[in-house]
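Q: Got a structure for you, start-v7.txt, holding compact mmCIF, C-alpha atoms and all ligand atoms.
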# COMPACT_ATOMS: atom_id res chain seq x y z
CA MET A 1 0.00 0.00 0.00
CA GLN A 2 2.96 2.23 0.75
CA GLU A 3 4.07 1.81 -2.89
CA VAL A 4 0.65 2.91 -4.13
CA ARG A 5 0.74 6.07 -1.99
CA GLN A 6 4.33 6.77 -2.98
CA ALA A 7 3.57 6.40 -6.71
CA LEU A 8 0.72 8.86 -6.43
CA LEU A 9 2.74 11.37 -4.43
CA GLN A 10 5.45 11.21 -7.08
CA PHE A 11 2.91 11.38 -9.95
CA ASP A 12 4.43 8.19 -11.30
CA ARG A 13 2.11 7.78 -14.27
CA ALA A 14 4.49 5.32 -15.92
CA GLU A 15 4.30 2.86 -13.00
CA ILE A 16 1.00 3.46 -11.18
CA LYS A 17 -0.98 0.84 -13.12
CA LYS A 18 1.68 -1.83 -12.53
CA ILE A 19 1.88 -0.94 -8.84
CA VAL A 20 -1.90 -1.05 -8.41
CA GLN A 21 -2.05 -4.37 -10.28
CA ALA A 22 0.69 -5.76 -8.03
CA ALA A 23 -1.32 -4.72 -4.95
CA ILE A 24 -4.37 -6.58 -6.31
CA ASP A 25 -2.26 -9.62 -7.21
CA ALA A 26 -0.94 -9.61 -3.64
CA GLY A 27 -4.54 -10.07 -2.45
CA LEU A 28 -5.54 -6.52 -1.49
CA LEU A 29 -9.15 -5.56 -2.12
CA PRO A 30 -9.76 -2.90 -4.81
CA PHE A 31 -11.60 -0.65 -2.42
CA ASP A 32 -8.83 -0.82 0.17
CA VAL A 33 -6.32 0.18 -2.51
CA ILE A 34 -8.47 3.26 -3.14
CA ASN A 35 -9.27 4.19 0.45
CA ASP A 36 -6.05 3.29 2.27
CA GLY A 37 -3.76 3.93 -0.70
CA MET A 38 -4.76 6.48 -3.29
CA ALA A 39 -7.26 8.56 -1.28
CA VAL A 40 -4.78 8.92 1.59
CA ALA A 41 -2.12 10.15 -0.86
CA MET A 42 -4.60 12.58 -2.43
CA GLY A 43 -5.26 14.03 1.03
CA GLU A 44 -1.51 14.42 1.42
CA VAL A 45 -1.27 16.20 -1.95
CA GLY A 46 -4.04 18.55 -0.79
CA LYS A 47 -2.09 19.41 2.35
CA LEU A 48 1.10 20.09 0.37
CA PHE A 49 -0.96 22.38 -1.89
CA GLU A 50 -2.33 24.22 1.14
CA THR A 51 1.14 24.76 2.60
CA GLY A 52 2.43 26.11 -0.70
CA GLU A 53 4.79 23.22 -1.47
CA TYR A 54 2.64 22.09 -4.40
CA TYR A 55 0.99 24.26 -7.03
CA LEU A 56 -1.79 23.66 -9.55
CA PRO A 57 0.33 21.53 -11.93
CA GLU A 58 0.96 19.10 -9.05
CA LEU A 59 -2.79 18.90 -8.32
CA ILE A 60 -3.41 18.15 -11.99
CA MET A 61 -0.71 15.49 -12.09
CA ALA A 62 -2.02 13.84 -8.91
CA GLY A 63 -5.54 13.77 -10.35
CA ALA A 64 -4.30 12.25 -13.60
CA THR A 65 -2.24 9.63 -11.75
CA MET A 66 -5.22 8.60 -9.63
CA LYS A 67 -7.36 8.29 -12.77
CA ASP A 68 -4.72 6.03 -14.33
CA GLY A 69 -4.78 3.81 -11.24
CA MET A 70 -8.59 3.73 -11.34
CA GLU A 71 -8.43 2.22 -14.83
CA ILE A 72 -7.20 -1.00 -13.21
CA LEU A 73 -9.64 -0.88 -10.31
CA THR A 74 -12.89 0.22 -11.99
CA PRO A 75 -13.55 -3.04 -13.88
CA LEU A 76 -12.87 -5.02 -10.70
CA LEU A 77 -15.30 -2.93 -8.66
CA LYS A 78 -17.94 -3.25 -11.37
CA ALA A 79 -17.50 -7.01 -11.55
CA GLU A 80 -18.18 -7.29 -7.81
CA GLY A 81 -21.67 -5.85 -8.23
CA GLY A 82 -23.21 -8.66 -10.24
CA LEU A 83 -25.04 -7.98 -13.48
CA GLY A 84 -28.47 -8.67 -14.86
CA ALA A 85 -30.57 -8.13 -11.75
CA THR A 86 -33.28 -5.45 -11.59
CA PRO A 87 -31.90 -1.99 -10.78
CA LYS A 88 -32.65 -0.71 -7.27
CA GLY A 89 -33.49 2.79 -8.44
CA LYS A 90 -32.34 5.71 -10.56
CA VAL A 91 -29.84 8.22 -9.21
CA ILE A 92 -29.04 11.57 -10.81
CA LEU A 93 -25.41 12.32 -9.98
CA GLY A 94 -23.23 15.35 -10.62
CA THR A 95 -20.59 17.73 -9.32
CA VAL A 96 -22.19 21.12 -8.67
CA LYS A 97 -21.85 24.34 -10.63
CA GLY A 98 -18.40 25.92 -10.64
CA ASP A 99 -16.66 22.74 -9.51
CA VAL A 100 -14.71 20.38 -11.77
CA HIS A 101 -13.48 17.83 -9.20
CA ASP A 102 -14.82 14.46 -10.31
CA ILE A 103 -12.62 11.71 -8.89
CA GLY A 104 -14.77 11.27 -5.76
CA LYS A 105 -17.99 11.59 -7.78
CA ASN A 106 -16.80 8.90 -10.19
CA LEU A 107 -16.05 6.61 -7.25
CA VAL A 108 -19.56 7.15 -5.93
CA LYS A 109 -20.87 6.24 -9.39
CA ILE A 110 -18.82 3.05 -9.55
CA MET A 111 -19.98 1.96 -6.09
CA LEU A 112 -23.64 2.75 -6.77
CA GLU A 113 -23.55 0.91 -10.11
CA GLY A 114 -21.74 -1.97 -8.44
CA SER A 115 -24.67 -2.14 -6.02
CA ARG A 116 -27.18 -2.20 -8.91
CA PHE A 117 -28.34 1.41 -8.90
CA GLU A 118 -28.88 2.98 -12.31
CA VAL A 119 -26.78 6.14 -12.35
CA ILE A 120 -27.35 9.07 -14.69
CA ASP A 121 -24.07 10.96 -14.49
CA LEU A 122 -24.38 14.64 -15.44
CA GLY A 123 -20.64 15.19 -15.11
CA VAL A 124 -19.07 18.29 -13.55
CA ASP A 125 -20.01 21.98 -13.26
CA VAL A 126 -23.71 21.07 -13.27
CA GLU A 127 -26.21 23.94 -13.12
CA PRO A 128 -29.16 23.53 -10.70
CA ASP A 129 -31.60 23.52 -13.64
CA HIS A 130 -29.73 20.67 -15.28
CA PHE A 131 -30.34 18.52 -12.17
CA VAL A 132 -34.02 19.51 -12.30
CA GLN A 133 -34.35 18.59 -15.99
CA ALA A 134 -32.68 15.24 -15.42
CA VAL A 135 -35.01 14.37 -12.54
CA LYS A 136 -38.00 15.14 -14.76
CA GLU A 137 -36.64 13.31 -17.77
CA HIS A 138 -35.68 10.13 -15.91
CA GLY A 139 -38.32 10.16 -13.17
CA ALA A 140 -35.52 9.67 -10.64
CA ARG A 141 -36.17 9.54 -6.91
CA LEU A 142 -32.65 10.36 -5.76
CA VAL A 143 -30.27 13.21 -6.55
CA ALA A 144 -26.63 12.91 -5.46
CA MET A 145 -24.39 15.97 -5.53
CA SER A 146 -20.66 16.30 -5.01
CA ALA A 147 -18.63 19.44 -4.18
CA LEU A 148 -14.95 19.76 -3.30
CA LEU A 149 -14.65 23.52 -2.94
CA THR A 150 -16.11 25.45 -0.03
CA THR A 151 -17.07 28.13 -2.55
CA THR A 152 -19.21 25.73 -4.61
CA THR A 153 -21.13 24.10 -1.75
CA GLY A 154 -23.72 26.89 -2.21
CA GLY A 155 -24.63 25.22 -5.52
CA MET A 156 -26.14 22.38 -3.50
CA LYS A 157 -28.54 24.71 -1.74
CA LEU A 158 -29.40 26.37 -5.07
CA THR A 159 -30.18 22.96 -6.55
CA LEU A 160 -32.45 22.11 -3.63
CA GLN A 161 -34.24 25.41 -4.17
CA ALA A 162 -34.57 24.74 -7.90
CA LEU A 163 -36.08 21.29 -7.18
CA GLU A 164 -38.51 22.93 -4.77
CA ALA A 165 -39.45 25.62 -7.31
CA ALA A 166 -40.10 22.93 -9.94
CA GLY A 167 -42.47 21.14 -7.54
CA LEU A 168 -40.21 18.07 -7.38
CA ARG A 169 -39.08 18.24 -3.79
CA GLU A 170 -41.68 15.71 -2.57
CA GLN A 171 -40.66 13.25 -5.27
CA VAL A 172 -36.89 13.19 -4.74
CA LYS A 173 -34.50 12.63 -1.89
CA VAL A 174 -31.18 14.44 -2.03
CA MET A 175 -27.83 13.22 -0.74
CA ILE A 176 -24.61 15.18 -0.79
CA GLY A 177 -20.92 14.58 -0.25
CA GLY A 178 -17.37 15.76 -0.88
CA ALA A 179 -14.45 16.76 1.34
CA PRO A 180 -15.91 20.04 2.71
CA ILE A 181 -19.38 18.55 3.34
CA SER A 182 -20.62 17.41 6.75
CA ASN A 183 -23.78 16.01 8.23
CA GLU A 184 -24.43 19.38 9.84
CA PHE A 185 -24.19 21.13 6.47
CA ALA A 186 -26.60 18.60 4.94
CA ASN A 187 -29.09 19.23 7.74
CA GLN A 188 -28.63 22.97 7.43
CA ILE A 189 -29.55 23.06 3.72
CA GLY A 190 -32.26 20.40 4.01
CA ALA A 191 -30.57 17.49 2.18
CA GLU A 192 -31.81 14.14 3.53
CA GLY A 193 -28.57 12.25 3.07
CA TYR A 194 -24.81 12.63 3.54
CA ALA A 195 -21.91 10.21 3.47
CA ALA A 196 -18.19 10.72 3.88
CA THR A 197 -17.20 7.91 1.51
CA ALA A 198 -18.37 6.22 -1.67
CA VAL A 199 -19.18 3.06 0.30
CA GLY A 200 -21.24 5.21 2.65
CA ALA A 201 -23.03 6.67 -0.39
CA VAL A 202 -24.40 3.21 -1.22
CA ALA A 203 -25.72 2.66 2.32
CA GLU A 204 -27.23 6.14 2.25
CA ALA A 205 -28.91 5.56 -1.15
CA GLN A 206 -30.38 2.30 0.15
CA ARG A 207 -31.66 3.99 3.28
CA LEU A 208 -33.22 6.90 1.38
CA LEU A 209 -34.87 4.73 -1.27
CA ARG A 210 -35.76 2.03 1.27
CA VAL A 211 -34.12 -0.79 -0.67
CA ASP A 212 -31.45 -3.29 0.36
C1 LIG A 301 -7.10 16.41 -7.52
C2 LIG A 301 -7.50 17.79 -7.08
C3 LIG A 301 -7.77 18.74 -8.08
C4 LIG A 301 -7.81 18.38 -9.57
C5 LIG A 301 -9.16 17.68 -9.85
C6 LIG A 301 -9.04 16.59 -10.91
C7 LIG A 301 -10.36 15.88 -11.07
N1 LIG A 301 -10.61 15.45 -12.29
O1 LIG A 301 -11.15 15.69 -10.12
C8 LIG A 301 -7.70 19.81 -10.25
C9 LIG A 301 -6.26 20.06 -10.58
C10 LIG A 301 -8.55 20.01 -11.48
C11 LIG A 301 -8.10 20.72 -9.09
C12 LIG A 301 -8.46 22.05 -9.29
C13 LIG A 301 -8.70 22.94 -8.25
N2 LIG A 301 -8.60 22.68 -6.93
CO1 LIG A 301 -8.41 20.88 -6.20
N3 LIG A 301 -7.91 19.32 -5.27
C14 LIG A 301 -7.60 18.12 -5.68
C15 LIG A 301 -7.25 17.23 -4.46
C16 LIG A 301 -5.74 17.15 -4.33
C17 LIG A 301 -7.79 15.81 -4.46
C18 LIG A 301 -9.31 15.66 -4.65
C19 LIG A 301 -9.62 14.19 -4.85
O2 LIG A 301 -9.79 13.74 -5.97
N4 LIG A 301 -9.64 13.40 -3.73
C20 LIG A 301 -9.82 11.96 -3.78
C21 LIG A 301 -11.32 11.61 -3.79
C22 LIG A 301 -11.47 10.09 -3.80
O3 LIG A 301 -11.88 12.10 -2.59
P1 LIG A 301 -13.18 13.03 -2.54
O4 LIG A 301 -13.31 13.80 -3.78
O5 LIG A 301 -13.22 13.73 -1.24
O6 LIG A 301 -14.41 11.98 -2.58
C23 LIG A 301 -14.71 11.06 -1.56
C24 LIG A 301 -15.70 11.61 -0.51
O7 LIG A 301 -15.64 13.00 -0.34
C25 LIG A 301 -17.03 11.10 -0.98
N5 LIG A 301 -17.82 11.87 -1.95
C26 LIG A 301 -17.44 12.68 -2.96
N6 LIG A 301 -18.48 13.14 -3.64
C27 LIG A 301 -19.58 12.62 -3.08
C28 LIG A 301 -20.93 12.75 -3.39
C29 LIG A 301 -21.89 12.09 -2.62
C30 LIG A 301 -23.34 12.24 -2.96
C31 LIG A 301 -21.48 11.31 -1.50
C32 LIG A 301 -22.50 10.67 -0.64
C33 LIG A 301 -20.12 11.17 -1.19
C34 LIG A 301 -19.19 11.81 -1.98
O8 LIG A 301 -16.74 9.86 -1.58
C35 LIG A 301 -15.46 9.91 -2.24
C36 LIG A 301 -14.79 8.55 -2.13
O9 LIG A 301 -14.73 8.05 -0.82
C37 LIG A 301 -7.94 18.05 -3.31
C38 LIG A 301 -7.36 17.81 -1.91
C39 LIG A 301 -8.34 17.13 -0.96
N7 LIG A 301 -7.89 16.94 0.25
O10 LIG A 301 -9.45 16.82 -1.28
C40 LIG A 301 -7.79 19.49 -3.83
C41 LIG A 301 -8.74 20.58 -3.35
C42 LIG A 301 -10.18 20.05 -3.28
N8 LIG A 301 -8.65 21.57 -4.43
C43 LIG A 301 -8.63 22.80 -3.99
C44 LIG A 301 -8.54 23.96 -4.82
C45 LIG A 301 -8.39 25.30 -4.09
C46 LIG A 301 -8.58 23.87 -6.23
C47 LIG A 301 -8.55 25.04 -7.24
C48 LIG A 301 -9.41 26.27 -6.84
C49 LIG A 301 -7.07 25.41 -7.44
C50 LIG A 301 -6.82 26.66 -8.29
N9 LIG A 301 -6.21 27.63 -7.67
O11 LIG A 301 -7.21 26.71 -9.43
C51 LIG A 301 -9.06 24.36 -8.53
C52 LIG A 301 -10.60 24.50 -8.69
C53 LIG A 301 -11.11 24.00 -10.00
C54 LIG A 301 -12.64 23.98 -10.00
N10 LIG A 301 -13.29 25.03 -10.49
O12 LIG A 301 -13.24 23.01 -9.57
C55 LIG A 301 -8.77 22.86 -2.48
C56 LIG A 301 -10.17 23.26 -2.01
C57 LIG A 301 -10.13 24.19 -0.81
C58 LIG A 301 -11.52 24.48 -0.36
N11 LIG A 301 -11.86 23.97 0.82
O13 LIG A 301 -12.30 25.09 -1.03
C59 LIG A 301 -8.32 21.40 -2.06
C60 LIG A 301 -8.99 20.88 -0.76
C61 LIG A 301 -6.78 21.45 -1.89
C62 LIG A 301 -6.36 22.23 -0.68
N12 LIG A 301 -6.13 21.58 0.43
O14 LIG A 301 -6.25 23.45 -0.75
N13 LIG A 301 -8.04 20.07 -7.88
If you convert what's in this file into structure tokens, what do you get?
A:
Amino acid sequence: MQEVRQALLQFDRAEIKKIVQAAIDAGLLPFDVINDGMAVAMGEVGKLFETGEYYLPELIMAGATMKDGMEILTPLLKAEGGLGATPKGKVILGTVKGDVHDIGKNLVKIMLEGSRFEVIDLGVDVEPDHFVQAVKEHGARLVAMSALLTTTTGGMKLTLQALEAAGLREQVKVMIGGAPISNEFANQIGAEGYAATAVGAVAEAQRLLRVD
């Protein structure tokens, strides 16, 4: 696991896939490689950015290296979910307006799909109205929003207001997540669900849609 963290901290795009594969071959679980390996290193990169040791290019490189590593892990996580069974429900997922961070959101998507939710991924920088349109179009009962910047968390509240204004608030539950989000913040803006991790997002989706 140390090698995985090290490769990410050094933006070792040439080796990351081999190192991640070696971790899997050694018997580590894909999700542990993400949580205890890559996500820990990403947190470290964030701290180095905060203290001025890393700049934007380093953030970009770290993001790209994590995505490379995910190419090995994504198919394994999907395979764990089992195919063919009836979906548990539709989830509209996106990173809110003004925010382009999507690594965490993509992990939430993988985990939800692995647990047989149908996910409609709106991508990043999603306007409140786009969430509203998607709920209408797909008849979804759950909206999941991600934000990584304190400045973009307001987009979550705006989306809740837009759902309310469109008369959809009774029909959908809303869950939110991302590094600056907390349970308190979710309560404050009136979102029914919050989870700190992608695994937690699955449990939260099941709770909100009353499925197991
Ligand atoms: C990689 C990265 C980038 C990459 C993003 C690449 C990409 N495609 O995503 C790039 C280089 C683009 C980037 C840009 C910027 N970034 Co940046 N970035 C990061 C970094 C290092 C890692 C984020 C990450 O991927 N983490 C790994 C994933 C797995 O974790 P996660 O996203 O938290 O997701 C997990 C949970 O939160 C949860 N989750 C996530 N979403 C959801 C949703 C739901 C519904 C649920 C239930 C759960 C859930 O599950 C996930 C898995 O367990 C963080 C540091 C950090 N500590 O977060 C800074 C960080 C988020 N960035 C920061 C900043 C300041 C910026 C910039 C403004 C820099 C600049 N000056 O331009 C820009 C903003 C661009 C924009 N408009 O969005 C700050 C934010 C500070 C703040 N509090 O507002 C951070 C915290 C760095 C720091 N410490 O200063 N960044």
Q: With distances taken over all atoms listed in the file, which of A:Ser146, A:Thr65, A:Thr152, A:Asn187 is nearest to ligand LIG 301 (chain A)?
A: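 So, comparing all the options, the nearest one is A:Ser146.
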Q: Excluding A:Gly89 and its own-chain neighbours fewer than 3 positions away, which residues fall within 9 Å of it when counting only C-alpha atoms? Please give them as a PDB file with C-alpha atoms, in the frame of the given file.
A:
ATOM      1  CA  THR A  86     -33.280  -5.450 -11.590  1.00  0.00           C
ATOM      2  CA  ARG A 116     -27.180  -2.200  -8.910  1.00  0.00           C
ATOM      3  CA  PHE A 117     -28.340   1.410  -8.900  1.00  0.00           C
ATOM      4  CA  GLU A 118     -28.880   2.980 -12.310  1.00  0.00           C
ATOM      5  CA  VAL A 119     -26.780   6.140 -12.350  1.00  0.00           C
ATOM      6  CA  ALA A 140     -35.520   9.670 -10.640  1.00  0.00           C
ATOM      7  CA  ARG A 141     -36.170   9.540  -6.910  1.00  0.00           C
ATOM      8  CA  LEU A 142     -32.650  10.360  -5.760  1.00  0.00           C
ATOM      9  CA  LEU A 209     -34.870   4.730  -1.270  1.00  0.00           C
ATOM     10  CA  VAL A 211     -34.120  -0.790  -0.670  1.00  0.00           C
TER      11      VAL A 211
END
Q: Mind running stretch 31-105 of chain A against stretch 165-174 of chain A at 12 Å and telling me each contacting residue's nearest atom pair with the distance in Å (one decimal), counting only C-alpha atoms, chain and number ascending, as CSV?
A:
residue,atom,partner,partner_atom,distance
A:Gly89,CA,A:Val172,CA,11.6
A:Lys90,CA,A:Val172,CA,10.5
A:Val91,CA,A:Val174,CA,9.6
A:Ile92,CA,A:Val174,CA,9.5
A:Leu93,CA,A:Val174,CA,10.0
A:Gly94,CA,A:Val174,CA,11.7
Q: Return as a ChimeraX atom specification every polymer residue, whether protein, DNA or RNA, with at least one atom no more than 6 Å from an atom of ligand LIG 301 (chain A); count only C-alpha atoms and all ligand atoms.
A: /A:39,42-43,45-47,49-50,56,59-60,62-63,98-105,107-108,144-146,148-151,175-180,194-198,201
Q: Nearest to A:Val132 among A:Leu158, A:Met1, A:Ile110, A:Ala41, with distances taken over only C-alpha atoms: which residue is it?
A: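 Selected residue with least distance to A:Val132: A:Leu158.
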Q: Calculated over all atoms listed in the file, which of the candidates A:Asp36, A:Asp121, A:Glu53, A:Asp12 has the smallest distance to A:Asp68?
A: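 The shortest atom-to-atom distance to A:Asp68 comes from A:Asp12.
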Q: To one decimal place, how far is atom CA of A:Leu9 from atom CA of A:Ala64 in Å?
A: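 Atom CA of A:Leu9 sits 11.6 Å away from atom CA of A:Ala64.
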Q: Mind pulling up the distance from atom CA of A:Ile120 to atom CA of A:Lys78?
A: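 Going from atom CA of A:Lys78 over to atom CA of A:Ile120 covers 15.9 Å.
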Q: Give the answer as one residue: which of A:Ser115, A:Asn106, A:Gln10, A:Asn183 has the shortest atom-to-atom distance to A:Glu44, using all atoms listed in the file?
A: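 Result for the nearest residue to A:Glu44: A:Gln10.
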